[in-house]
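S.K.: Coordinates in upload24.tsv, TSV, C-alpha atoms, are listed below.
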```tsv
chain	number	residue	atom	x	y	z
A	1	MET	CA	89.94	23.63	-0.40
A	2	ILE	CA	91.50	21.36	2.23
A	3	VAL	CA	88.53	21.82	4.59
A	4	ARG	CA	86.11	20.87	1.82
A	5	LEU	CA	88.23	17.84	0.95
A	6	SER	CA	88.33	16.75	4.59
A	7	LYS	CA	84.53	17.00	4.84
A	8	CYS	CA	84.18	14.91	1.70
A	9	ALA	CA	86.70	12.36	3.01
A	10	LEU	CA	84.79	11.98	6.28
A	11	LEU	CA	81.52	11.60	4.37
A	12	LEU	CA	83.11	8.93	2.20
A	13	GLY	CA	84.32	7.21	5.38
A	14	VAL	CA	80.77	7.18	6.73
A	15	ALA	CA	79.48	5.86	3.39
A	16	VAL	CA	82.03	3.03	3.47
A	17	TYR	CA	81.16	2.28	7.09
A	18	PHE	CA	77.42	1.96	6.44
A	19	SER	CA	78.09	-0.07	3.31
A	20	LEU	CA	80.15	-2.52	5.36
A	21	VAL	CA	77.59	-2.64	8.17
A	22	ALA	CA	74.79	-3.41	5.70
A	23	LEU	CA	76.99	-6.02	3.98
A	24	ASN	CA	77.83	-7.68	7.31
A	25	ASN	CA	74.19	-7.68	8.40
A	26	THR	CA	73.17	-9.43	5.19
A	27	ALA	CA	76.20	-11.70	4.64
A	28	ASP	CA	76.24	-12.86	8.26
A	29	TYR	CA	72.50	-12.49	8.70
A	30	ASP	CA	71.99	-14.95	11.52
A	31	SER	CA	74.71	-13.67	13.87
A	32	ASN	CA	73.39	-10.14	13.81
A	33	TYR	CA	69.76	-11.30	13.73
A	34	GLN	CA	70.42	-13.15	17.01
A	35	PHE	CA	71.48	-9.88	18.62
A	36	MET	CA	68.25	-8.21	17.53
A	37	ARG	CA	66.16	-11.22	18.58
A	38	HIS	CA	67.62	-11.41	22.09
A	39	VAL	CA	67.28	-7.67	22.67
A	40	LEU	CA	63.61	-7.77	21.61
A	41	MET	CA	62.88	-10.88	23.71
A	42	MET	CA	64.63	-9.29	26.70
A	43	ASP	CA	65.77	-12.78	27.67
A	44	SER	CA	69.02	-11.64	29.28
A	45	THR	CA	67.74	-8.66	31.26
A	46	PHE	CA	67.66	-8.69	35.06
A	47	PRO	CA	65.49	-11.53	36.40
A	48	GLY	CA	62.12	-10.36	37.64
A	49	ASN	CA	62.33	-6.85	36.18
A	50	HIS	CA	58.96	-5.15	35.80
A	51	GLY	CA	59.51	-4.22	32.16
A	52	MET	CA	59.16	-7.74	30.79
A	53	TRP	CA	55.69	-6.95	29.47
A	54	ARG	CA	57.52	-5.10	26.67
A	55	ALA	CA	59.27	-8.24	25.41
A	56	LEU	CA	58.47	-9.31	21.86
A	57	ARG	CA	58.67	-13.05	21.30
A	58	GLN	CA	57.23	-13.38	17.79
A	59	PRO	CA	59.93	-14.27	15.21
A	60	TRP	CA	58.18	-12.31	12.45
A	61	ILE	CA	58.54	-9.13	14.55
A	62	HIS	CA	62.25	-9.85	15.07
A	63	THR	CA	62.66	-10.25	11.32
A	64	ALA	CA	60.71	-7.06	10.60
A	65	PHE	CA	62.83	-5.08	13.07
A	66	TYR	CA	66.06	-6.50	11.68
A	67	LEU	CA	65.13	-5.90	8.05
A	68	SER	CA	64.10	-2.33	8.86
A	69	VAL	CA	67.51	-1.72	10.48
A	70	ILE	CA	69.27	-3.12	7.41
A	71	ALA	CA	67.13	-0.92	5.13
A	72	TRP	CA	67.93	2.09	7.34
A	73	GLU	CA	71.66	1.32	7.04
A	74	ILE	CA	71.43	0.99	3.26
A	75	VAL	CA	69.53	4.27	2.85
A	76	THR	CA	72.00	6.03	5.15
A	77	GLY	CA	74.96	4.66	3.20
A	78	VAL	CA	73.47	5.59	-0.17
A	79	LEU	CA	72.73	9.14	0.99
A	80	CYS	CA	76.27	9.55	2.35
A	81	TRP	CA	77.77	8.24	-0.93
A	82	TRP	CA	75.53	10.58	-2.90
A	83	GLY	CA	76.28	13.53	-0.63
A	84	ALA	CA	80.04	12.99	-0.75
A	85	ILE	CA	80.12	12.58	-4.53
A	86	ARG	CA	77.94	15.65	-4.95
A	87	LEU	CA	80.22	17.73	-2.73
A	88	LEU	CA	83.34	16.44	-4.50
A	89	SER	CA	81.85	17.56	-7.80
A	90	LEU	CA	81.38	21.07	-6.35
A	91	LEU	CA	84.75	21.49	-4.64
A	92	LYS	CA	85.51	24.68	-6.55
A	93	ALA	CA	81.98	26.09	-6.40
A	94	PRO	CA	81.23	29.28	-4.50
A	95	SER	CA	80.66	28.83	-0.77
A	96	SER	CA	76.90	29.39	-1.00
A	97	VAL	CA	76.54	26.68	-3.68
A	98	PHE	CA	78.69	24.23	-1.74
A	99	GLN	CA	76.75	24.94	1.45
A	100	ARG	CA	73.38	24.26	-0.23
A	101	ALA	CA	74.73	21.06	-1.77
A	102	LYS	CA	75.32	19.62	1.70
A	103	ALA	CA	71.59	18.83	2.11
A	104	VAL	CA	71.84	15.19	1.00
A	105	ALA	CA	74.88	14.59	3.20
A	106	VAL	CA	73.12	16.20	6.16
A	107	VAL	CA	70.10	13.92	5.69
A	108	GLY	CA	72.37	10.85	5.47
A	109	LEU	CA	74.37	11.79	8.56
A	110	THR	CA	71.19	12.63	10.48
A	111	LEU	CA	69.70	9.24	9.59
A	112	GLY	CA	72.90	7.61	10.83
A	113	CYS	CA	72.70	9.53	14.11
A	114	LEU	CA	69.05	8.60	14.50
A	115	LEU	CA	69.77	4.91	13.88
A	116	TRP	CA	72.25	4.75	16.74
A	117	PHE	CA	70.47	7.17	19.08
A	118	LEU	CA	66.82	6.34	18.46
A	119	ALA	CA	66.89	2.67	17.45
A	120	PHE	CA	69.74	1.40	19.60
A	121	LEU	CA	70.15	3.75	22.58
A	122	SER	CA	66.49	4.73	23.04
A	123	VAL	CA	64.39	1.81	21.81
A	124	GLY	CA	66.89	-0.99	22.37
A	125	GLY	CA	68.61	0.46	25.40
A	126	GLU	CA	65.70	1.93	27.30
A	127	TRP	CA	62.48	0.40	25.99
A	128	PHE	CA	63.85	-3.15	25.73
A	129	LEU	CA	66.27	-2.58	28.65
A	130	MET	CA	69.32	-3.68	26.66
A	131	TRP	CA	71.47	-1.96	29.28
A	132	GLN	CA	70.60	-4.78	31.71
A	133	SER	CA	72.14	-7.46	29.50
A	134	ARG	CA	75.75	-8.56	29.88
A	135	VAL	CA	75.64	-10.51	26.62
A	136	TRP	CA	73.37	-8.53	24.26
A	137	ASN	CA	74.25	-4.95	25.17
A	138	GLY	CA	75.25	-2.76	22.23
A	139	GLN	CA	74.99	0.56	24.04
A	140	ASP	CA	78.72	1.33	24.11
A	141	ALA	CA	79.05	0.76	20.37
A	142	ALA	CA	75.85	2.70	19.70
A	143	PHE	CA	77.02	5.64	21.79
A	144	ARG	CA	80.41	5.61	20.08
A	145	MET	CA	78.85	5.60	16.61
A	146	PHE	CA	76.27	8.26	17.50
A	147	THR	CA	79.06	10.49	18.82
A	148	VAL	CA	81.30	10.01	15.78
A	149	LEU	CA	78.45	10.70	13.37
A	150	ALA	CA	77.21	13.72	15.33
A	151	ILE	CA	80.69	15.26	15.31
A	152	ILE	CA	81.00	14.67	11.56
A	153	LEU	CA	77.52	16.16	11.06
A	154	LEU	CA	78.51	19.27	13.00
A	155	TYR	CA	81.75	19.59	11.04
A	156	VAL	CA	80.14	19.07	7.64
A	157	THR	CA	77.43	21.64	8.32
A	158	THR	CA	79.92	24.31	9.37
A	159	PRO	CA	80.17	26.85	6.54
A	160	GLU	CA	83.50	27.30	4.80
A	161	HIS	CA	84.81	30.82	4.43
A	162	GLU	CA	86.01	31.89	1.02
A	163	ALA	CA	89.43	33.44	0.92
A	164	ASN	CA	89.54	37.08	-0.10
A	165	PRO	CA	91.05	37.49	-3.58
```
Here is a file; write its structure as structure tokens.
M.R.:
Amino acid sequence: MIVRLSKCALLLGVAVYFSLVALNNTADYDSNYQFMRHVLMMDSTFPGNHGMWRALRQPWIHTAFYLSVIAWEIVTGVLCWWGAIRLLSLLKAPSSVFQRAKAVAVVGLTLGCLLWFLAFLSVGGEWFLMWQSRVWNGQDAAFRMFTVLAIILLYVTTPEHEANP
């Protein structure tokens, strides 16, 4: 039971985290929008780099990117809330039932991993060369969050073993 409770607690932690991230990105819209805008414009990458043709300077594209990230965070948070609540409701269920009920949580955690790995590390970090920026570089935070979420995903998906009666 303690292993199941710990998995639920970690899922609830992830749900709270994504709820706060989405709240911060909407409540302090401009601060976080500026990060997205500068990464997409590549205006603080190395001078004269040959990747500048990738830069996006249209404000409507910055807004679309930013709103899609916020939507991604909200969906991830909702799925993690749903997954945690579902698992809590099945704490005493047989192992096979509990294992199957993890699907929603697995989708939520996977979306969270993809946000940090695909959107920030791959697209932001490599396509828009965010790694070259001293000011607008979120790679350390993205790597940290990807790693935390991936570890939680691995832990949650590990089957629990029922005790022999």
S.K.: Nearest to Leu12 (chain A) among A:Lys92, A:Arg57, A:His38, A:Arg86, with distances taken over only C-alpha atoms: which residue is it?
M.R.: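 Nearest to Leu12 (chain A): A:Arg86.
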S.K.: Need the shell around Cys113 (chain A): protein/DNA/RNA residues with any atom at most 10 Å away, counting only C-alpha atoms. Skip same-chain ones fewer than 5 positions apart. Format as a PyMOL selection string?
M.R.: chain A and resi 76+107-108+118-119+142-143+145-151+153
S.K.: Write out as a tab-separated table (two decimals) with C-alpha atoms, keeping the file's coordinate frame each polymer residue whose atoms come within 10 Å of region 42-46 of chain A, counting all atoms listed in the file; drop sequence neighbours fewer than 6 positions from it.
M.R.:
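Final output, out_9.tsv:
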```tsv
chain	number	residue	atom	x	y	z
A	36	MET	CA	68.25	-8.21	17.53
A	52	MET	CA	59.16	-7.74	30.79
A	53	TRP	CA	55.69	-6.95	29.47
A	54	ARG	CA	57.52	-5.10	26.67
A	55	ALA	CA	59.27	-8.24	25.41
A	56	LEU	CA	58.47	-9.31	21.86
A	57	ARG	CA	58.67	-13.05	21.30
A	124	GLY	CA	66.89	-0.99	22.37
A	127	TRP	CA	62.48	0.40	25.99
A	128	PHE	CA	63.85	-3.15	25.73
A	129	LEU	CA	66.27	-2.58	28.65
A	130	MET	CA	69.32	-3.68	26.66
A	131	TRP	CA	71.47	-1.96	29.28
A	132	GLN	CA	70.60	-4.78	31.71
A	133	SER	CA	72.14	-7.46	29.50
A	134	ARG	CA	75.75	-8.56	29.88
A	135	VAL	CA	75.64	-10.51	26.62
A	136	TRP	CA	73.37	-8.53	24.26
A	137	ASN	CA	74.25	-4.95	25.17
```
S.K.: Please work out which residues fall within 12 Å of (72.5, 20.6, 1.0), coordinates as given in the file, with only C-alpha atoms counting, and return them as a compact mmCIF listing (two decimals) with C-alpha atoms, in the frame of the given file.
M.R.:
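This went into result22.txt:
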```txt
# COMPACT_ATOMS: atom_id res chain seq x y z
CA LEU A 79 72.73 9.14 0.99
CA CYS A 80 76.27 9.55 2.35
CA TRP A 82 75.53 10.58 -2.90
CA GLY A 83 76.28 13.53 -0.63
CA ALA A 84 80.04 12.99 -0.75
CA ARG A 86 77.94 15.65 -4.95
CA LEU A 87 80.22 17.73 -2.73
CA LEU A 90 81.38 21.07 -6.35
CA SER A 95 80.66 28.83 -0.77
CA SER A 96 76.90 29.39 -1.00
CA VAL A 97 76.54 26.68 -3.68
CA PHE A 98 78.69 24.23 -1.74
CA GLN A 99 76.75 24.94 1.45
CA ARG A 100 73.38 24.26 -0.23
CA ALA A 101 74.73 21.06 -1.77
CA LYS A 102 75.32 19.62 1.70
CA ALA A 103 71.59 18.83 2.11
CA VAL A 104 71.84 15.19 1.00
CA ALA A 105 74.88 14.59 3.20
CA VAL A 106 73.12 16.20 6.16
CA VAL A 107 70.10 13.92 5.69
CA GLY A 108 72.37 10.85 5.47
CA LEU A 109 74.37 11.79 8.56
CA VAL A 156 80.14 19.07 7.64
CA THR A 157 77.43 21.64 8.32
CA THR A 158 79.92 24.31 9.37
CA PRO A 159 80.17 26.85 6.54
```
S.K.: Using Å and a single decimal, report how far CA of Val16 (chain A) sits from CA of Ala64 (chain A).
M.R.: 24.6 Å
S.K.: Smallest atom-to-atom distance to Leu23 (chain A): which of A:Pro94, A:Gly77, A:Gly48, A:Pro59, using only C-alpha atoms?
M.R.: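 Closest residue, counting only C-alpha atoms: A:Gly77.
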S.K.: Using all atoms listed in the file, pick whichever of A:Ala9, A:Val3, A:Ala27, A:Ala22 has the shortest atom-to-atom distance to Ser68 (chain A).
M.R.: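 Nearest to Ser68 (chain A): A:Ala22.
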